[in-house]
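Next up, protein15.csv (CSV, N, CA, C and O atoms):
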chain,number,residue,atom,x,y,z
E,1,MET,N,-2.8,49.6,-2.6
E,1,MET,CA,-3.0,48.2,-2.1
E,1,MET,C,-1.9,47.3,-2.5
E,1,MET,O,-1.5,47.3,-3.7
E,2,GLU,N,-1.4,46.6,-1.6
E,2,GLU,CA,-0.2,45.7,-1.9
E,2,GLU,C,-0.7,44.5,-2.7
E,2,GLU,O,-1.8,43.9,-2.5
E,3,ASP,N,0.2,44.1,-3.6
E,3,ASP,CA,-0.1,42.9,-4.4
E,3,ASP,C,-0.2,41.7,-3.5
E,3,ASP,O,0.7,41.5,-2.7
E,4,ARG,N,-1.2,40.9,-3.7
E,4,ARG,CA,-1.4,39.7,-2.8
E,4,ARG,C,-0.3,38.7,-2.9
E,4,ARG,O,0.1,38.1,-1.9
E,5,LEU,N,0.3,38.5,-4.1
E,5,LEU,CA,1.4,37.6,-4.2
E,5,LEU,C,2.6,38.0,-3.4
E,5,LEU,O,3.2,37.2,-2.8
E,6,ASN,N,2.9,39.3,-3.5
E,6,ASN,CA,4.0,39.8,-2.7
E,6,ASN,C,3.7,39.7,-1.2
E,6,ASN,O,4.6,39.4,-0.4
E,7,HIS,N,2.5,39.9,-0.8
E,7,HIS,CA,2.1,39.7,0.6
E,7,HIS,C,2.3,38.2,1.0
E,7,HIS,O,2.9,38.0,2.1
E,8,ILE,N,1.9,37.3,0.2
E,8,ILE,CA,2.1,35.9,0.5
E,8,ILE,C,3.6,35.5,0.6
E,8,ILE,O,4.0,34.8,1.5
E,9,LYS,N,4.4,36.0,-0.3
E,9,LYS,CA,5.8,35.8,-0.3
E,9,LYS,C,6.5,36.3,1.0
E,9,LYS,O,7.3,35.6,1.6
E,10,ARG,N,6.1,37.5,1.4
E,10,ARG,CA,6.6,38.0,2.6
E,10,ARG,C,6.2,37.2,3.8
E,10,ARG,O,7.0,36.9,4.7
E,11,ARG,N,5.0,36.7,3.9
E,11,ARG,CA,4.5,35.9,5.0
E,11,ARG,C,5.3,34.6,5.0
E,11,ARG,O,5.5,34.0,6.1
E,12,LEU,N,5.5,34.0,3.9
E,12,LEU,CA,6.2,32.7,3.8
E,12,LEU,C,7.7,32.8,4.3
E,12,LEU,O,8.3,31.8,4.6
E,13,GLN,N,8.3,34.0,4.2
E,13,GLN,CA,9.6,34.1,4.7
E,13,GLN,C,9.7,34.0,6.2
E,13,GLN,O,10.7,33.6,6.8
E,14,LYS,N,8.5,34.3,6.9
E,14,LYS,CA,8.5,34.2,8.3
E,14,LYS,C,8.0,32.9,8.9
E,14,LYS,O,8.3,32.6,10.0
E,15,SER,N,7.2,32.2,8.1
E,15,SER,CA,6.7,30.9,8.7
E,15,SER,C,6.5,29.9,7.6
E,15,SER,O,6.6,30.2,6.4
E,16,LYS,N,6.3,28.7,8.0
E,16,LYS,CA,6.1,27.6,7.1
E,16,LYS,C,4.6,27.3,6.9
E,16,LYS,O,3.8,27.6,7.8
E,17,VAL,N,4.3,26.6,5.8
E,17,VAL,CA,2.9,26.2,5.6
E,17,VAL,C,2.8,24.7,5.5
E,17,VAL,O,3.7,24.0,5.0
E,18,TYR,N,1.8,24.1,6.0
E,18,TYR,CA,1.6,22.7,6.1
E,18,TYR,C,0.2,22.3,5.6
E,18,TYR,O,-0.7,23.0,5.7
E,19,TYR,N,0.2,21.1,5.0
E,19,TYR,CA,-1.1,20.4,4.7
E,19,TYR,C,-1.4,19.5,5.9
E,19,TYR,O,-0.6,18.9,6.5
E,20,SER,N,-2.7,19.5,6.2
E,20,SER,CA,-3.1,18.5,7.2
E,20,SER,C,-4.3,17.8,6.6
E,20,SER,O,-5.2,18.4,6.0
E,21,ARG,N,-4.4,16.5,6.8
E,21,ARG,CA,-5.6,15.7,6.3
E,21,ARG,C,-5.9,14.7,7.4
E,21,ARG,O,-5.1,14.1,8.0
E,22,TYR,N,-7.2,14.4,7.4
E,22,TYR,CA,-7.7,13.4,8.3
E,22,TYR,C,-7.3,12.0,7.9
E,22,TYR,O,-7.3,11.7,6.8
E,23,ASN,N,-6.8,11.3,8.9
E,23,ASN,CA,-6.4,9.9,8.7
E,23,ASN,C,-6.6,9.1,10.0
E,23,ASN,O,-5.8,9.2,10.9
E,24,PRO,N,-7.6,8.3,10.0
E,24,PRO,CA,-7.9,7.6,11.3
E,24,PRO,C,-6.9,6.6,11.7
E,24,PRO,O,-6.8,6.2,12.8
E,25,ARG,N,-6.0,6.2,10.8
E,25,ARG,CA,-4.9,5.3,11.1
E,25,ARG,C,-3.7,5.9,11.7
E,25,ARG,O,-2.8,5.3,12.3
E,26,SER,N,-3.6,7.3,11.6
E,26,SER,CA,-2.5,8.0,12.1
E,26,SER,C,-2.6,8.1,13.6
E,26,SER,O,-3.7,8.1,14.2
E,27,ASP,N,-1.5,8.3,14.3
E,27,ASP,CA,-1.5,8.4,15.8
E,27,ASP,C,-2.4,9.5,16.3
E,27,ASP,O,-3.1,9.3,17.3
E,28,MET,N,-2.3,10.6,15.6
E,28,MET,CA,-3.1,11.8,16.1
E,28,MET,C,-4.4,12.0,15.2
E,28,MET,O,-5.0,13.1,15.3
E,29,MET,N,-4.7,11.1,14.4
E,29,MET,CA,-5.9,11.1,13.5
E,29,MET,C,-5.7,12.1,12.3
E,29,MET,O,-6.6,12.3,11.5
E,30,TYR,N,-4.5,12.7,12.2
E,30,TYR,CA,-4.2,13.6,11.1
E,30,TYR,C,-2.8,13.4,10.7
E,30,TYR,O,-1.9,13.0,11.4
E,31,GLU,N,-2.6,13.6,9.4
E,31,GLU,CA,-1.2,13.6,8.8
E,31,GLU,C,-0.9,15.0,8.4
E,31,GLU,O,-1.7,15.8,8.0
E,32,VAL,N,0.3,15.4,8.7
E,32,VAL,CA,0.8,16.7,8.4
E,32,VAL,C,2.0,16.7,7.5
E,32,VAL,O,2.9,15.9,7.7
E,33,ASP,N,2.0,17.4,6.4
E,33,ASP,CA,3.1,17.5,5.4
E,33,ASP,C,3.4,19.0,5.2
E,33,ASP,O,2.5,19.8,5.1
E,34,GLU,N,4.7,19.2,4.9
E,34,GLU,CA,5.1,20.6,4.6
E,34,GLU,C,4.7,20.9,3.2
E,34,GLU,O,4.8,20.1,2.3
E,35,ALA,N,4.2,22.1,3.0
E,35,ALA,CA,3.7,22.5,1.7
E,35,ALA,C,4.5,23.6,1.0
E,35,ALA,O,4.0,24.2,0.0
E,36,GLY,N,5.6,23.9,1.5
E,36,GLY,CA,6.4,25.1,1.0
E,36,GLY,C,6.8,24.9,-0.5
E,36,GLY,O,6.7,25.9,-1.3
E,37,ASP,N,7.2,23.7,-0.9
E,37,ASP,CA,7.6,23.5,-2.3
E,37,ASP,C,6.4,23.7,-3.2
E,37,ASP,O,6.5,24.3,-4.3
E,38,ASP,N,5.2,23.3,-2.8
E,38,ASP,CA,4.0,23.4,-3.7
E,38,ASP,C,3.7,24.9,-3.8
E,38,ASP,O,3.3,25.4,-4.9
E,39,LEU,N,3.8,25.6,-2.7
E,39,LEU,CA,3.5,27.1,-2.8
E,39,LEU,C,4.5,27.8,-3.6
E,39,LEU,O,4.1,28.8,-4.3
E,40,LYS,N,5.8,27.5,-3.5
E,40,LYS,CA,6.8,28.1,-4.4
E,40,LYS,C,6.5,27.9,-5.8
E,40,LYS,O,6.6,28.8,-6.6
E,41,TRP,N,6.1,26.6,-6.2
E,41,TRP,CA,5.8,26.3,-7.6
E,41,TRP,C,4.5,27.2,-8.0
E,41,TRP,O,4.5,27.7,-9.1
E,42,MET,N,3.5,27.2,-7.1
E,42,MET,CA,2.3,28.0,-7.4
E,42,MET,C,2.6,29.5,-7.7
E,42,MET,O,2.1,30.1,-8.6
E,43,MET,N,3.5,30.0,-6.8
E,43,MET,CA,3.8,31.4,-7.0
E,43,MET,C,4.6,31.7,-8.3
E,43,MET,O,4.4,32.6,-9.0
E,44,TYR,N,5.5,30.7,-8.6
E,44,TYR,CA,6.2,30.8,-9.9
E,44,TYR,C,5.3,30.8,-11.1
E,44,TYR,O,5.4,31.6,-12.0
E,45,GLU,N,4.3,29.9,-11.0
E,45,GLU,CA,3.3,29.8,-12.1
E,45,GLU,C,2.5,31.1,-12.2
E,45,GLU,O,2.2,31.6,-13.3
E,46,ILE,N,2.1,31.7,-11.1
E,46,ILE,CA,1.4,32.9,-11.1
E,46,ILE,C,2.2,34.0,-11.7
E,46,ILE,O,1.7,34.8,-12.6
E,47,GLU,N,3.5,34.1,-11.4
E,47,GLU,CA,4.3,35.1,-12.0
E,47,GLU,C,4.5,34.9,-13.5
E,47,GLU,O,4.5,35.8,-14.3
E,48,ARG,N,4.7,33.6,-13.9
E,48,ARG,CA,4.8,33.3,-15.3
E,48,ARG,C,3.6,33.7,-16.1
E,48,ARG,O,3.6,34.3,-17.1
E,49,LEU,N,2.4,33.4,-15.5
E,49,LEU,CA,1.1,33.7,-16.2
E,49,LEU,C,0.9,35.2,-16.2
E,49,LEU,O,0.4,35.8,-17.2
E,50,ARG,N,1.3,35.9,-15.2
E,50,ARG,CA,1.2,37.4,-15.2
E,50,ARG,C,2.0,38.0,-16.3
E,50,ARG,O,1.6,38.9,-17.0
E,51,GLU,N,3.3,37.5,-16.4
E,51,GLU,CA,4.2,38.0,-17.5
E,51,GLU,C,3.6,37.6,-18.9
E,51,GLU,O,3.6,38.5,-19.8
E,52,GLU,N,3.1,36.4,-19.0
E,52,GLU,CA,2.5,36.0,-20.3
E,52,GLU,C,1.3,36.9,-20.7
E,52,GLU,O,1.2,37.4,-21.8
E,53,ASN,N,0.5,37.2,-19.7
E,53,ASN,CA,-0.7,38.1,-19.9
E,53,ASN,C,-0.2,39.5,-20.3
E,53,ASN,O,-0.8,40.1,-21.2
E,54,ARG,N,0.8,40.0,-19.6
E,54,ARG,CA,1.3,41.3,-19.9
E,54,ARG,C,1.8,41.4,-21.4
E,54,ARG,O,1.5,42.3,-22.1
E,55,VAL,N,2.6,40.4,-21.8
E,55,VAL,CA,3.1,40.4,-23.2
E,55,VAL,C,2.0,40.3,-24.2
E,55,VAL,O,2.0,41.0,-25.2
E,56,LEU,N,1.0,39.5,-23.9
E,56,LEU,CA,-0.2,39.4,-24.8
E,56,LEU,C,-0.9,40.7,-24.9
E,56,LEU,O,-1.4,41.1,-26.0
E,57,ARG,N,-1.1,41.3,-23.8
E,57,ARG,CA,-1.8,42.6,-23.8
E,57,ARG,C,-1.1,43.7,-24.6
E,57,ARG,O,-1.7,44.4,-25.3
E,58,GLU,N,0.3,43.7,-24.4
E,58,GLU,CA,1.1,44.6,-25.2
E,58,GLU,C,0.9,44.3,-26.7
E,58,GLU,O,0.9,45.3,-27.5
E,59,ARG,N,0.9,43.1,-27.1
E,59,ARG,CA,0.8,42.7,-28.5
E,59,ARG,C,-0.6,43.2,-29.0
E,59,ARG,O,-0.7,43.8,-30.1
E,60,LEU,N,-1.6,43.0,-28.3
E,60,LEU,CA,-3.0,43.4,-28.7
E,60,LEU,C,-3.1,44.9,-28.8
E,60,LEU,O,-3.7,45.4,-29.7
E,61,GLU,N,-2.5,45.6,-27.8
E,61,GLU,CA,-2.5,47.1,-27.9
E,61,GLU,C,-1.7,47.6,-29.1
E,61,GLU,O,-2.0,48.6,-29.7
E,62,GLY,N,-0.6,46.9,-29.4
E,62,GLY,CA,0.2,47.3,-30.6
E,62,GLY,C,-0.5,47.1,-31.9
E,62,GLY,O,-0.3,47.8,-32.9
E,63,GLU,N,-1.4,46.1,-32.0
E,63,GLU,CA,-2.2,45.8,-33.2
E,63,GLU,C,-3.3,46.8,-33.4
E,63,GLU,O,-3.8,46.9,-34.5
E,64,ALA,N,-3.8,47.3,-32.3
E,64,ALA,CA,-5.0,48.2,-32.4
E,64,ALA,C,-4.7,49.6,-32.9
E,64,ALA,O,-3.7,50.0,-33.2
Translate this structure into structure tokens?
Amino acid sequence: MEDRLNHIKRRLQKSKVYYSRYNPRSDMMYEVDEAGDDLKWMMYEIERLREENRVLRERLEGEA
């Protein structure tokens, strides 16, 4: 089974992601913002946490 993070990265190479939120003052009743930077940050944090988790597990296994 493919890692979900890799799947998301591959999909983001092909298309963009947007936020949309209801706003009755807007012309079309919705505001749309590009969300690519937020997703890149989120993926970076997931990778960082995975690496941190891997290092901590190795330490625990070494102590056992």
### Task
Could you pull out the residues in chain E that DSSP calls helix (DSSP H, G or I) from the backbone, as a VMD selection string?
chain E and resid 4 to 14 36 to 63
Same residues, N, CA, C and O atoms, output as a short mmCIF file (atom, residue, chain, number, x, y, z; two decimals), keeping the file's coordinate frame:
data_model
loop_
_atom_site.label_atom_id
_atom_site.label_comp_id
_atom_site.auth_asym_id
_atom_site.auth_seq_id
_atom_site.Cartn_x
_atom_site.Cartn_y
_atom_site.Cartn_z
N ARG E 4 -1.20 40.90 -3.70
CA ARG E 4 -1.40 39.70 -2.80
C ARG E 4 -0.30 38.70 -2.90
O ARG E 4 0.10 38.10 -1.90
N LEU E 5 0.30 38.50 -4.10
CA LEU E 5 1.40 37.60 -4.20
C LEU E 5 2.60 38.00 -3.40
O LEU E 5 3.20 37.20 -2.80
N ASN E 6 2.90 39.30 -3.50
CA ASN E 6 4.00 39.80 -2.70
C ASN E 6 3.70 39.70 -1.20
O ASN E 6 4.60 39.40 -0.40
N HIS E 7 2.50 39.90 -0.80
CA HIS E 7 2.10 39.70 0.60
C HIS E 7 2.30 38.20 1.00
O HIS E 7 2.90 38.00 2.10
N ILE E 8 1.90 37.30 0.20
CA ILE E 8 2.10 35.90 0.50
C ILE E 8 3.60 35.50 0.60
O ILE E 8 4.00 34.80 1.50
N LYS E 9 4.40 36.00 -0.30
CA LYS E 9 5.80 35.80 -0.30
C LYS E 9 6.50 36.30 1.00
O LYS E 9 7.30 35.60 1.60
N ARG E 10 6.10 37.50 1.40
CA ARG E 10 6.60 38.00 2.60
C ARG E 10 6.20 37.20 3.80
O ARG E 10 7.00 36.90 4.70
N ARG E 11 5.00 36.70 3.90
CA ARG E 11 4.50 35.90 5.00
C ARG E 11 5.30 34.60 5.00
O ARG E 11 5.50 34.00 6.10
N LEU E 12 5.50 34.00 3.90
CA LEU E 12 6.20 32.70 3.80
C LEU E 12 7.70 32.80 4.30
O LEU E 12 8.30 31.80 4.60
N GLN E 13 8.30 34.00 4.20
CA GLN E 13 9.60 34.10 4.70
C GLN E 13 9.70 34.00 6.20
O GLN E 13 10.70 33.60 6.80
N LYS E 14 8.50 34.30 6.90
CA LYS E 14 8.50 34.20 8.30
C LYS E 14 8.00 32.90 8.90
O LYS E 14 8.30 32.60 10.00
N GLY E 36 5.60 23.90 1.50
CA GLY E 36 6.40 25.10 1.00
C GLY E 36 6.80 24.90 -0.50
O GLY E 36 6.70 25.90 -1.30
N ASP E 37 7.20 23.70 -0.90
CA ASP E 37 7.60 23.50 -2.30
C ASP E 37 6.40 23.70 -3.20
O ASP E 37 6.50 24.30 -4.30
N ASP E 38 5.20 23.30 -2.80
CA ASP E 38 4.00 23.40 -3.70
C ASP E 38 3.70 24.90 -3.80
O ASP E 38 3.30 25.40 -4.90
N LEU E 39 3.80 25.60 -2.70
CA LEU E 39 3.50 27.10 -2.80
C LEU E 39 4.50 27.80 -3.60
O LEU E 39 4.10 28.80 -4.30
N LYS E 40 5.80 27.50 -3.50
CA LYS E 40 6.80 28.10 -4.40
C LYS E 40 6.50 27.90 -5.80
O LYS E 40 6.60 28.80 -6.60
N TRP E 41 6.10 26.60 -6.20
CA TRP E 41 5.80 26.30 -7.60
C TRP E 41 4.50 27.20 -8.00
O TRP E 41 4.50 27.70 -9.10
N MET E 42 3.50 27.20 -7.10
CA MET E 42 2.30 28.00 -7.40
C MET E 42 2.60 29.50 -7.70
O MET E 42 2.10 30.10 -8.60
N MET E 43 3.50 30.00 -6.80
CA MET E 43 3.80 31.40 -7.00
C MET E 43 4.60 31.70 -8.30
O MET E 43 4.40 32.60 -9.00
N TYR E 44 5.50 30.70 -8.60
CA TYR E 44 6.20 30.80 -9.90
C TYR E 44 5.30 30.80 -11.10
O TYR E 44 5.40 31.60 -12.00
N GLU E 45 4.30 29.90 -11.00
CA GLU E 45 3.30 29.80 -12.10
C GLU E 45 2.50 31.10 -12.20
O GLU E 45 2.20 31.60 -13.30
N ILE E 46 2.10 31.70 -11.10
CA ILE E 46 1.40 32.90 -11.10
C ILE E 46 2.20 34.00 -11.70
O ILE E 46 1.70 34.80 -12.60
N GLU E 47 3.50 34.10 -11.40
CA GLU E 47 4.30 35.10 -12.00
C GLU E 47 4.50 34.90 -13.50
O GLU E 47 4.50 35.80 -14.30
N ARG E 48 4.70 33.60 -13.90
CA ARG E 48 4.80 33.30 -15.30
C ARG E 48 3.60 33.70 -16.10
O ARG E 48 3.60 34.30 -17.10
N LEU E 49 2.40 33.40 -15.50
CA LEU E 49 1.10 33.70 -16.20
C LEU E 49 0.90 35.20 -16.20
O LEU E 49 0.40 35.80 -17.20
N ARG E 50 1.30 35.90 -15.20
CA ARG E 50 1.20 37.40 -15.20
C ARG E 50 2.00 38.00 -16.30
O ARG E 50 1.60 38.90 -17.00
N GLU E 51 3.30 37.50 -16.40
CA GLU E 51 4.20 38.00 -17.50
C GLU E 51 3.60 37.60 -18.90
O GLU E 51 3.60 38.50 -19.80
N GLU E 52 3.10 36.40 -19.00
CA GLU E 52 2.50 36.00 -20.30
C GLU E 52 1.30 36.90 -20.70
O GLU E 52 1.20 37.40 -21.80
N ASN E 53 0.50 37.20 -19.70
CA ASN E 53 -0.70 38.10 -19.90
C ASN E 53 -0.20 39.50 -20.30
O ASN E 53 -0.80 40.10 -21.20
N ARG E 54 0.80 40.00 -19.60
CA ARG E 54 1.30 41.30 -19.90
C ARG E 54 1.80 41.40 -21.40
O ARG E 54 1.50 42.30 -22.10
N VAL E 55 2.60 40.40 -21.80
CA VAL E 55 3.10 40.40 -23.20
C VAL E 55 2.00 40.30 -24.20
O VAL E 55 2.00 41.00 -25.20
N LEU E 56 1.00 39.50 -23.90
CA LEU E 56 -0.20 39.40 -24.80
C LEU E 56 -0.90 40.70 -24.90
O LEU E 56 -1.40 41.10 -26.00
N ARG E 57 -1.10 41.30 -23.80
CA ARG E 57 -1.80 42.60 -23.80
C ARG E 57 -1.10 43.70 -24.60
O ARG E 57 -1.70 44.40 -25.30
N GLU E 58 0.30 43.70 -24.40
CA GLU E 58 1.10 44.60 -25.20
C GLU E 58 0.90 44.30 -26.70
O GLU E 58 0.90 45.30 -27.50
N ARG E 59 0.90 43.10 -27.10
CA ARG E 59 0.80 42.70 -28.50
C ARG E 59 -0.60 43.20 -29.00
O ARG E 59 -0.70 43.80 -30.10
N LEU E 60 -1.60 43.00 -28.30
CA LEU E 60 -3.00 43.40 -28.70
C LEU E 60 -3.10 44.90 -28.80
O LEU E 60 -3.70 45.40 -29.70
N GLU E 61 -2.50 45.60 -27.80
CA GLU E 61 -2.50 47.10 -27.90
C GLU E 61 -1.70 47.60 -29.10
O GLU E 61 -2.00 48.60 -29.70
N GLY E 62 -0.60 46.90 -29.40
CA GLY E 62 0.20 47.30 -30.60
C GLY E 62 -0.50 47.10 -31.90
O GLY E 62 -0.30 47.80 -32.90
N GLU E 63 -1.40 46.10 -32.00
CA GLU E 63 -2.20 45.80 -33.20
C GLU E 63 -3.30 46.80 -33.40
O GLU E 63 -3.80 46.90 -34.50
#
### Message
Give me the residues near Ala35 in chain E as number ranges by chain, where near means some atom within 10 Å (using only C-alpha atoms) and where sequence neighbours in that chain fewer than 3 positions away do not count.
### Response
E: 16-20, 32, 38-40
Residue selection dump (N, CA, C and O atoms) as a PDB file, in the coordinates of the input:
ATOM      1  N   LYS E  16       6.300  28.700   8.000  1.00  0.00           N
ATOM      2  CA  LYS E  16       6.100  27.600   7.100  1.00  0.00           C
ATOM      3  C   LYS E  16       4.600  27.300   6.900  1.00  0.00           C
ATOM      4  O   LYS E  16       3.800  27.600   7.800  1.00  0.00           O
ATOM      5  N   VAL E  17       4.300  26.600   5.800  1.00  0.00           N
ATOM      6  CA  VAL E  17       2.900  26.200   5.600  1.00  0.00           C
ATOM      7  C   VAL E  17       2.800  24.700   5.500  1.00  0.00           C
ATOM      8  O   VAL E  17       3.700  24.000   5.000  1.00  0.00           O
ATOM      9  N   TYR E  18       1.800  24.100   6.000  1.00  0.00           N
ATOM     10  CA  TYR E  18       1.600  22.700   6.100  1.00  0.00           C
ATOM     11  C   TYR E  18       0.200  22.300   5.600  1.00  0.00           C
ATOM     12  O   TYR E  18      -0.700  23.000   5.700  1.00  0.00           O
ATOM     13  N   TYR E  19       0.200  21.100   5.000  1.00  0.00           N
ATOM     14  CA  TYR E  19      -1.100  20.400   4.700  1.00  0.00           C
ATOM     15  C   TYR E  19      -1.400  19.500   5.900  1.00  0.00           C
ATOM     16  O   TYR E  19      -0.600  18.900   6.500  1.00  0.00           O
ATOM     17  N   SER E  20      -2.700  19.500   6.200  1.00  0.00           N
ATOM     18  CA  SER E  20      -3.100  18.500   7.200  1.00  0.00           C
ATOM     19  C   SER E  20      -4.300  17.800   6.600  1.00  0.00           C
ATOM     20  O   SER E  20      -5.200  18.400   6.000  1.00  0.00           O
ATOM     21  N   VAL E  32       0.300  15.400   8.700  1.00  0.00           N
ATOM     22  CA  VAL E  32       0.800  16.700   8.400  1.00  0.00           C
ATOM     23  C   VAL E  32       2.000  16.700   7.500  1.00  0.00           C
ATOM     24  O   VAL E  32       2.900  15.900   7.700  1.00  0.00           O
ATOM     25  N   ASP E  38       5.200  23.300  -2.800  1.00  0.00           N
ATOM     26  CA  ASP E  38       4.000  23.400  -3.700  1.00  0.00           C
ATOM     27  C   ASP E  38       3.700  24.900  -3.800  1.00  0.00           C
ATOM     28  O   ASP E  38       3.300  25.400  -4.900  1.00  0.00           O
ATOM     29  N   LEU E  39       3.800  25.600  -2.700  1.00  0.00           N
ATOM     30  CA  LEU E  39       3.500  27.100  -2.800  1.00  0.00           C
ATOM     31  C   LEU E  39       4.500  27.800  -3.600  1.00  0.00           C
ATOM     32  O   LEU E  39       4.100  28.800  -4.300  1.00  0.00           O
ATOM     33  N   LYS E  40       5.800  27.500  -3.500  1.00  0.00           N
ATOM     34  CA  LYS E  40       6.800  28.100  -4.400  1.00  0.00           C
ATOM     35  C   LYS E  40       6.500  27.900  -5.800  1.00  0.00           C
ATOM     36  O   LYS E  40       6.600  28.800  -6.600  1.00  0.00           O
TER      37      LYS E  40
END
### Straight-line distance linking atom N of Asn23 in chain E with CA of Met42 in chain E, stated in Å to one decimal
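Between atom N of Asn23 in chain E and CA of Met42 in chain E the gap works out to 25.0 Å.
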### Task
Point out the residue among E:Met29, E:Leu49, E:Leu56, E:Met43 with the least atom-to-atom distance to Asn6 in chain E, counting only C-alpha atoms.
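Closest to Asn6 in chain E, using only C-alpha atoms: E:Met43.
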### Query
Could you write out, as a ChimeraX atom specification, all the residues of chain E that DSSP marks as strand (DSSP E or B)?
/E:18-22,30-34
### Query
Could you state the separation of CA of Ser15 in chain E and CA of Asp33 in chain E in Å, given to one decimal place?
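Taking CA of Ser15 in chain E and CA of Asp33 in chain E, their separation equals 14.3 Å.
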### Query
Please, what distance in Å, to one decimal, runs between atom C of Glu34 in chain E and atom O of Ile8 in chain E?
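These two atoms are separated by 14.0 Å.
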